[in-house]
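With PDB, C-alpha atoms inside, this is start15.pdb:
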ATOM      1  CA  MET A   1      -2.095 -25.428 -11.549
ATOM      2  CA  PRO A   2      -5.778 -24.362 -11.583
ATOM      3  CA  GLY A   3      -7.020 -21.302  -9.784
ATOM      4  CA  THR A   4      -8.315 -21.708  -6.243
ATOM      5  CA  SER A   5     -11.310 -20.024  -4.647
ATOM      6  CA  THR A   6     -12.090 -19.730  -0.966
ATOM      7  CA  ALA A   7     -15.420 -18.711   0.481
ATOM      8  CA  GLY A   8     -16.095 -16.752   3.642
ATOM      9  CA  THR A   9     -13.630 -14.594   5.534
ATOM     10  CA  MET A  10      -9.914 -15.215   5.923
ATOM     11  CA  GLN A  11      -7.852 -13.269   8.442
ATOM     12  CA  ARG A  12      -4.097 -13.628   8.667
ATOM     13  CA  PRO A  13      -0.865 -11.633   8.729
ATOM     14  CA  LEU A  14       0.014 -10.355   5.279
ATOM     15  CA  ALA A  15       3.149 -12.496   5.277
ATOM     16  CA  CYS A  16       0.921 -15.552   5.599
ATOM     17  CA  ALA A  17      -1.423 -14.267   2.914
ATOM     18  CA  LEU A  18       1.465 -14.230   0.460
ATOM     19  CA  ALA A  19       2.357 -17.809   1.321
ATOM     20  CA  VAL A  20      -1.230 -18.920   0.749
ATOM     21  CA  THR A  21      -1.338 -17.299  -2.678
ATOM     22  CA  ALA A  22       2.047 -18.829  -3.608
ATOM     23  CA  LEU A  23       3.500 -15.387  -4.263
ATOM     24  CA  PRO A  24       7.296 -15.640  -4.138
ATOM     25  CA  ALA A  25       8.353 -15.672  -0.502
ATOM     26  CA  ALA A  26      11.689 -14.132  -1.454
ATOM     27  CA  LEU A  27       9.952 -10.802  -2.113
ATOM     28  CA  HIS A  28       9.676 -10.137   1.653
ATOM     29  CA  LEU A  29       7.147  -7.404   0.882
ATOM     30  CA  PHE A  30       4.812  -7.823   3.809
ATOM     31  CA  ALA A  31       5.341  -8.425   7.506
ATOM     32  CA  PRO A  32       3.131  -8.501  10.632
ATOM     33  CA  ALA A  33       2.569  -5.097  12.158
ATOM     34  CA  GLY A  34       4.498  -6.095  15.285
ATOM     35  CA  SER A  35       7.736  -6.377  13.335
ATOM     36  CA  SER A  36      10.280  -3.892  14.645
ATOM     37  CA  ALA A  37      11.468  -3.368  11.090
ATOM     38  CA  LEU A  38       8.181  -1.639  10.256
ATOM     39  CA  ARG A  39       7.760   0.691  13.202
ATOM     40  CA  PRO A  40       7.627   4.347  12.132
ATOM     41  CA  SER A  41      10.939   6.113  12.563
ATOM     42  CA  GLY A  42       9.441   9.560  13.178
ATOM     43  CA  ALA A  43       8.545  12.462  10.950
ATOM     44  CA  VAL A  44      10.192  12.612   7.550
ATOM     45  CA  ARG A  45      10.705  15.842   5.632
ATOM     46  CA  THR A  46       9.770  15.540   1.971
ATOM     47  CA  SER A  47      12.501  17.861   0.720
ATOM     48  CA  GLU A  48      15.475  15.744   1.752
ATOM     49  CA  ALA A  49      14.244  12.218   0.917
ATOM     50  CA  PRO A  50      16.313  10.671   3.732
ATOM     51  CA  VAL A  51      17.221   7.001   3.775
ATOM     52  CA  ASP A  52      14.487   5.152   5.639
ATOM     53  CA  ARG A  53      15.784   2.227   7.676
ATOM     54  CA  SER A  54      12.382   0.606   8.116
ATOM     55  CA  PRO A  55      12.154  -1.573   4.985
ATOM     56  CA  ALA A  56      14.683  -4.295   4.298
ATOM     57  CA  ARG A  57      16.257  -4.472   0.859
ATOM     58  CA  LEU A  58      13.408  -4.755  -1.647
ATOM     59  CA  ALA A  59      13.083  -7.149  -4.537
ATOM     60  CA  GLY A  60      13.495  -5.915  -8.101
ATOM     61  CA  VAL A  61       9.874  -6.753  -9.034
ATOM     62  CA  LEU A  62       7.299  -5.108  -6.760
ATOM     63  CA  PRO A  63       3.575  -5.925  -6.579
ATOM     64  CA  GLU A  64       0.769  -3.737  -7.844
ATOM     65  CA  LEU A  65      -2.440  -3.239  -5.868
ATOM     66  CA  ARG A  66      -5.640  -2.200  -7.606
ATOM     67  CA  ALA A  67      -8.939  -1.518  -5.873
ATOM     68  CA  GLY A  68     -12.328  -0.016  -6.572
ATOM     69  CA  ARG A  69     -12.038   1.853  -3.285
ATOM     70  CA  LEU A  70      -9.189   2.481  -0.837
ATOM     71  CA  VAL A  71      -9.778   4.205   2.514
ATOM     72  CA  LEU A  72      -6.816   5.234   4.689
ATOM     73  CA  HIS A  73      -8.310   5.779   8.155
ATOM     74  CA  GLY A  74      -6.438   8.272  10.320
ATOM     75  CA  SER A  75      -3.635   8.516   7.770
ATOM     76  CA  THR A  76      -0.505  10.651   7.832
ATOM     77  CA  PHE A  77       1.788  11.283   4.891
ATOM     78  CA  ARG A  78       5.307  10.766   6.242
ATOM     79  CA  GLY A  79       7.062  12.192   3.196
ATOM     80  CA  VAL A  80       9.388  10.951   0.492
ATOM     81  CA  VAL A  81      12.013   8.523   1.753
ATOM     82  CA  THR A  82      14.804   6.541   0.129
ATOM     83  CA  VAL A  83      14.846   2.747   0.378
ATOM     84  CA  ARG A  84      17.321   0.209  -0.962
ATOM     85  CA  THR A  85      16.272  -2.185  -3.717
ATOM     86  CA  ALA A  86      18.056  -4.870  -5.688
ATOM     87  CA  ALA A  87      18.548  -2.278  -8.443
ATOM     88  CA  GLY A  88      19.850   0.440  -6.091
ATOM     89  CA  SER A  89      18.293   3.215  -4.003
ATOM     90  CA  GLU A  90      14.730   4.254  -4.786
ATOM     91  CA  ARG A  91      12.641   7.214  -3.607
ATOM     92  CA  VAL A  92       9.173   6.184  -2.421
ATOM     93  CA  LEU A  93       6.118   7.645  -0.711
ATOM     94  CA  LYS A  94       5.589   6.712   2.940
ATOM     95  CA  PHE A  95       2.178   6.678   4.642
ATOM     96  CA  THR A  96       0.990   5.515   8.033
ATOM     97  CA  ALA A  97      -2.659   4.891   8.907
ATOM     98  CA  ARG A  98      -4.778   3.529  11.733
ATOM     99  CA  SER A  99      -6.244   0.982   9.285
ATOM    100  CA  LEU A 100      -7.052   0.449   5.596
ATOM    101  CA  ASP A 101     -10.259  -0.595   3.858
ATOM    102  CA  ILE A 102      -9.771  -2.057   0.383
ATOM    103  CA  GLY A 103     -12.846  -2.560  -1.795
ATOM    104  CA  GLY A 104     -12.466  -5.060  -4.624
ATOM    105  CA  LEU A 105      -8.832  -5.912  -3.873
ATOM    106  CA  ASP A 106      -6.683  -7.101  -6.801
ATOM    107  CA  LEU A 107      -3.018  -7.741  -5.892
ATOM    108  CA  ARG A 108      -0.549  -8.931  -8.530
ATOM    109  CA  ALA A 109       3.136  -9.760  -8.293
ATOM    110  CA  GLY A 110       5.810 -11.357 -10.455
ATOM    111  CA  ARG A 111       6.523 -11.450 -14.160
ATOM    112  CA  ASP A 112       4.755 -13.205 -17.007
ATOM    113  CA  GLY A 113       4.492 -16.946 -16.322
ATOM    114  CA  ALA A 114       5.645 -16.483 -12.717
ATOM    115  CA  ALA A 115       3.005 -13.860 -11.968
ATOM    116  CA  MET A 116       0.559 -14.513  -9.138
ATOM    117  CA  ARG A 117      -2.711 -12.869  -8.236
ATOM    118  CA  LEU A 118      -4.810 -12.371  -5.099
ATOM    119  CA  ARG A 119      -8.281 -11.018  -5.812
ATOM    120  CA  THR A 120     -11.579 -10.474  -3.984
ATOM    121  CA  GLY A 121     -15.007  -9.719  -5.401
ATOM    122  CA  PRO A 122     -15.894  -6.152  -6.449
ATOM    123  CA  ALA A 123     -18.541  -5.833  -3.712
ATOM    124  CA  THR A 124     -16.227  -7.027  -0.906
ATOM    125  CA  THR A 125     -14.160  -4.956   1.522
ATOM    126  CA  SER A 126     -10.860  -6.254   2.886
ATOM    127  CA  THR A 127      -9.294  -4.609   5.917
ATOM    128  CA  VAL A 128      -5.715  -4.143   7.097
ATOM    129  CA  LYS A 129      -5.026  -3.367  10.748
ATOM    130  CA  GLY A 130      -1.852  -3.207  12.801
ATOM    131  CA  ARG A 131      -1.045  -3.358  16.491
ATOM    132  CA  ASP A 132      -0.071   0.304  16.320
ATOM    133  CA  VAL A 133      -0.273   1.668  12.766
ATOM    134  CA  VAL A 134      -0.288   0.337   9.216
ATOM    135  CA  THR A 135       2.749   1.473   7.219
ATOM    136  CA  LEU A 136       2.661   1.773   3.431
ATOM    137  CA  TYR A 137       5.557   2.435   1.046
ATOM    138  CA  THR A 138       4.866   2.855  -2.678
ATOM    139  CA  ARG A 139       6.397   4.482  -5.743
ATOM    140  CA  LYS A 140       3.087   5.747  -7.144
ATOM    141  CA  LEU A 141      -0.550   6.085  -6.068
ATOM    142  CA  SER A 142      -3.074   7.023  -8.762
ATOM    143  CA  GLY A 143      -6.840   7.163  -8.988
ATOM    144  CA  THR A 144      -9.718   9.477  -8.071
ATOM    145  CA  LEU A 145      -9.760  11.376  -4.786
ATOM    146  CA  ALA A 146     -13.175  10.770  -3.174
ATOM    147  CA  GLY A 147     -12.785  12.029   0.395
ATOM    148  CA  LEU A 148     -10.511  14.203   2.549
ATOM    149  CA  GLY A 149     -11.991  13.654   5.982
ATOM    150  CA  GLY A 150     -14.747  16.185   5.404
ATOM    151  CA  ALA A 151     -12.509  18.843   3.849
ATOM    152  CA  PRO A 152     -13.399  20.320   0.423
ATOM    153  CA  LEU A 153     -12.131  18.284  -2.516
ATOM    154  CA  PRO A 154      -9.961  19.925  -5.193
ATOM    155  CA  ALA A 155     -11.556  20.799  -8.519
ATOM    156  CA  ASP A 156      -9.489  18.120 -10.257
ATOM    157  CA  ARG A 157      -9.951  14.920  -8.265
ATOM    158  CA  SER A 158      -7.746  12.799 -10.536
ATOM    159  CA  VAL A 159      -4.464  12.087  -8.764
ATOM    160  CA  ALA A 160      -1.132  10.549  -9.707
ATOM    161  CA  ILE A 161       1.052  10.930  -6.617
ATOM    162  CA  THR A 162       4.765  10.230  -7.014
ATOM    163  CA  PRO A 163       7.879  11.402  -5.129
ATOM    164  CA  ASP A 164       8.178  14.191  -7.714
ATOM    165  CA  ALA A 165       4.485  15.109  -7.868
ATOM    166  CA  LEU A 166       2.947  15.829  -4.455
ATOM    167  CA  PRO A 167      -0.466  17.577  -4.449
ATOM    168  CA  PRO A 168      -0.894  20.482  -1.994
ATOM    169  CA  TRP A 169      -3.678  18.747  -0.042
ATOM    170  CA  LEU A 170      -1.356  15.829   0.733
ATOM    171  CA  THR A 171       1.330  17.926   2.404
ATOM    172  CA  HIS A 172      -0.903  20.588   3.984
ATOM    173  CA  PRO A 173       0.622  21.261   7.448
ATOM    174  CA  ALA A 174      -2.707  22.271   9.027
ATOM    175  CA  VAL A 175      -4.208  18.790   8.572
ATOM    176  CA  PRO A 176      -1.434  16.229   9.113
ATOM    177  CA  THR A 177      -3.786  13.346  10.015
ATOM    178  CA  ARG A 178      -7.132  12.520   8.415
ATOM    179  CA  THR A 179      -9.089   9.818   6.617
ATOM    180  CA  VAL A 180      -8.450   9.853   2.865
ATOM    181  CA  THR A 181     -10.554   7.930   0.334
ATOM    182  CA  PHE A 182      -9.640   6.997  -3.232
ATOM    183  CA  GLU A 183     -11.708   5.293  -5.935
ATOM    184  CA  ASP A 184     -10.467   3.242  -8.899
ATOM    185  CA  VAL A 185      -7.041   3.358  -7.311
ATOM    186  CA  THR A 186      -3.754   1.769  -8.346
ATOM    187  CA  VAL A 187      -0.866   1.497  -5.898
ATOM    188  CA  SER A 188       2.040   0.862  -8.261
ATOM    189  CA  GLN A 189       5.229  -0.905  -7.194
ATOM    190  CA  LEU A 190       4.026  -1.486  -3.658
ATOM    191  CA  ALA A 191       7.239  -1.614  -1.653
ATOM    192  CA  ARG A 192       5.819  -2.639   1.727
ATOM    193  CA  LEU A 193       2.554  -2.852   3.633
ATOM    194  CA  SER A 194       2.422  -3.897   7.288
ATOM    195  CA  GLY A 195      -0.501  -5.260   9.272
ATOM    196  CA  ASP A 196      -3.002  -8.116   9.456
ATOM    197  CA  MET A 197      -5.351  -8.514   6.500
ATOM    198  CA  SER A 198      -8.947  -9.750   6.639
ATOM    199  CA  LEU A 199     -10.158 -11.019   3.246
ATOM    200  CA  THR A 200     -13.681 -11.966   2.124
ATOM    201  CA  GLY A 201     -14.549 -13.987  -0.976
ATOM    202  CA  THR A 202     -10.916 -14.583  -1.943
ATOM    203  CA  VAL A 203      -9.876 -15.827  -5.366
ATOM    204  CA  LEU A 204      -6.333 -17.209  -5.683
ATOM    205  CA  ARG A 205      -4.804 -18.065  -9.028
ATOM    206  CA  PRO A 206      -1.453 -18.253 -10.850
ATOM    207  CA  GLY A 207      -0.870 -16.003 -13.821
ATOM    208  CA  ALA A 208      -1.828 -12.385 -14.428
ATOM    209  CA  GLY A 209      -5.173 -13.106 -16.050
TER
END

Output the file's structure as structure tokens, nothing else.
Amino acid sequence: MPGTSTAGTMQRPLACALAVTALPAALHLFAPAGSSALRPSGAVRTSEAPVDRSPARLAGVLPELRAGRLVLHGSTFRGVVTVRTAAGSERVLKFTARSLDIGGLDLRAGRDGAAMRLRTGPATTSTVKGRDVVTLYTRKLSGTLAGLGGAPLPADRSVAITPDALPPWLTHPAVPTRTVTFEDVTVSQLARLSGDMSLTGTVLRPGAG
């Protein structure tokens, strides 16, 4: 099956976006922001990694999101939570945000011949917005920290955030909500992302190439 390109802007719930790209529907990784299953369940303390009831059971193979730039507008780090996967319980990072901007989106899911890819051009910016907030669960977020809502940046701006490696600026109690910007970012094993996505210059193709 040849790759497919679409011009212009496409706006749809993320669940629909997966269907368009032929990513396996059984993953159940994305849902519209209005879904009650994705509404924040309140503050989460990072030390206890409580079981989070928001996500449904996750598939064994989780997508990876890469982007030249990722902006989390009005974001709050909700802590480390435990979710259930096909392989057992997993500890993940939980974020909420007013909206996301994703520059040069490259989303991949699946294995080998079954892998699928959703990609936009490097100069494009895709947006994700929810009716209330956007909720993001991931096992790892790595890249370069480019903005902390006007606050001073740390001397080492390279980040690799995992449930066992939380930088001080992320959990600082004095600034619980702010806009955070990353460059050359990889969101590994993306467990769930709620909201409606607006894509520009989309490229859809099977395979990981």

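The gap separating CA of Asp184 in chain A from CA of Ser142 in chain A is 8.3 Å, in Å to one decimal.
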
Give the padded box for range 139-148 of chain A as lines of an AutoDock Vina configuration file: axis-aligned, covering all atoms listed in the file, 6 Å on each side, centre and edge lengths in Å to one decimal.
center_x = -3.4
center_y = 9.3
center_z = -3.2
size_x = 31.6
size_y = 21.7
size_z = 23.5

Problem set entry | Nearby residues (all atoms listed in the file) at most 10 Å from Leu166 in chain A, same-chain spacing under 4 positions excluded, as a list in words |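 Here the answer would be Thr46, Gly79, Val80, Leu93, Val159, Ala160, Ile161, Thr162, Leu170 and Thr171 of chain A.
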
For this session: May I ask which of the residues A:Leu100, A:Leu62, A:Ala67, A:Ala87 is the closest one to Thr135 in chain A, counting all atoms listed in the file?
Result: A:Leu100

The PyMOL selection byres ((chain A and resi 148) around 8) applied to the shown file, residues as a compact mmCIF listing (two decimals) with C-alpha atoms, in the frame of the given file:
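selection06.txt, written as the output of this step:
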# COMPACT_ATOMS: atom_id res chain seq x y z
CA LEU A 145 -9.76 11.38 -4.79
CA ALA A 146 -13.18 10.77 -3.17
CA GLY A 147 -12.78 12.03 0.40
CA GLY A 149 -11.99 13.65 5.98
CA GLY A 150 -14.75 16.18 5.40
CA ALA A 151 -12.51 18.84 3.85
CA PRO A 152 -13.40 20.32 0.42
CA LEU A 153 -12.13 18.28 -2.52
CA ARG A 178 -7.13 12.52 8.41
CA THR A 179 -9.09 9.82 6.62
CA VAL A 180 -8.45 9.85 2.86
CA THR A 181 -10.55 7.93 0.33

Can you build me a table of range 60-166 of chain A residues sitting at most 8 Å from range 189-204 of chain A, with the closest atom pair per residue and its distance in Å to one decimal, using only C-alpha atoms, sorted by chain and residue number, as a Markdown table?
| residue | atom | partner | partner_atom | distance |
| --- | --- | --- | --- | --- |
| A:Val61 | CA | A:Gln189 | CA | 7.7 |
| A:Leu62 | CA | A:Gln189 | CA | 4.7 |
| A:Pro63 | CA | A:Gln189 | CA | 5.3 |
| A:Glu64 | CA | A:Gln189 | CA | 5.3 |
| A:Leu65 | CA | A:Leu190 | CA | 7.1 |
| A:Arg117 | CA | A:Leu204 | CA | 6.2 |
| A:Leu118 | CA | A:Leu204 | CA | 5.1 |
| A:Arg119 | CA | A:Val203 | CA | 5.1 |
| A:Thr120 | CA | A:Thr202 | CA | 4.6 |
| A:Gly121 | CA | A:Gly201 | CA | 6.2 |
| A:Thr124 | CA | A:Thr200 | CA | 6.3 |
| A:Thr125 | CA | A:Thr200 | CA | 7.1 |
| A:Ser126 | CA | A:Leu199 | CA | 4.8 |
| A:Thr127 | CA | A:Ser198 | CA | 5.2 |
| A:Val128 | CA | A:Met197 | CA | 4.4 |
| A:Lys129 | CA | A:Gly195 | CA | 5.1 |
| A:Gly130 | CA | A:Gly195 | CA | 4.3 |
| A:Arg131 | CA | A:Gly195 | CA | 7.5 |
| A:Val133 | CA | A:Gly195 | CA | 7.8 |
| A:Val134 | CA | A:Ser194 | CA | 5.4 |
| A:Thr135 | CA | A:Ser194 | CA | 5.4 |
| A:Leu136 | CA | A:Leu193 | CA | 4.6 |
| A:Tyr137 | CA | A:Arg192 | CA | 5.1 |
| A:Thr138 | CA | A:Leu190 | CA | 4.5 |
| A:Arg139 | CA | A:Gln189 | CA | 5.7 |
| A:Lys140 | CA | A:Gln189 | CA | 7.0 |

Problem set entry | Residue nearest Ile102 in chain A among A:Thr85, A:Thr144, A:Thr186, A:Thr76 (counting all atoms listed in the file) | A:Thr186

Problem set entry | Atom pair CA of Val185 in chain A / CA of Gly74 in chain A: separation (Å) |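 Separation of CA of Val185 in chain A and CA of Gly74 in chain A: 18.3 Å.
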
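Here CA of Thr177 in chain A and CA of His73 in chain A stand 9.0 Å from one another.
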
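Proximity of A:Arg66, A:Arg84, A:Arg157, A:Arg91 to Arg108 in chain A, computed with only C-alpha atoms, is greatest for A:Arg66.
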
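Among the candidates A:Ser89, A:Val71, A:Ala109, A:Phe77, the residue lying nearest to Phe182 in chain A is A:Val71 (atoms considered: all atoms listed in the file).
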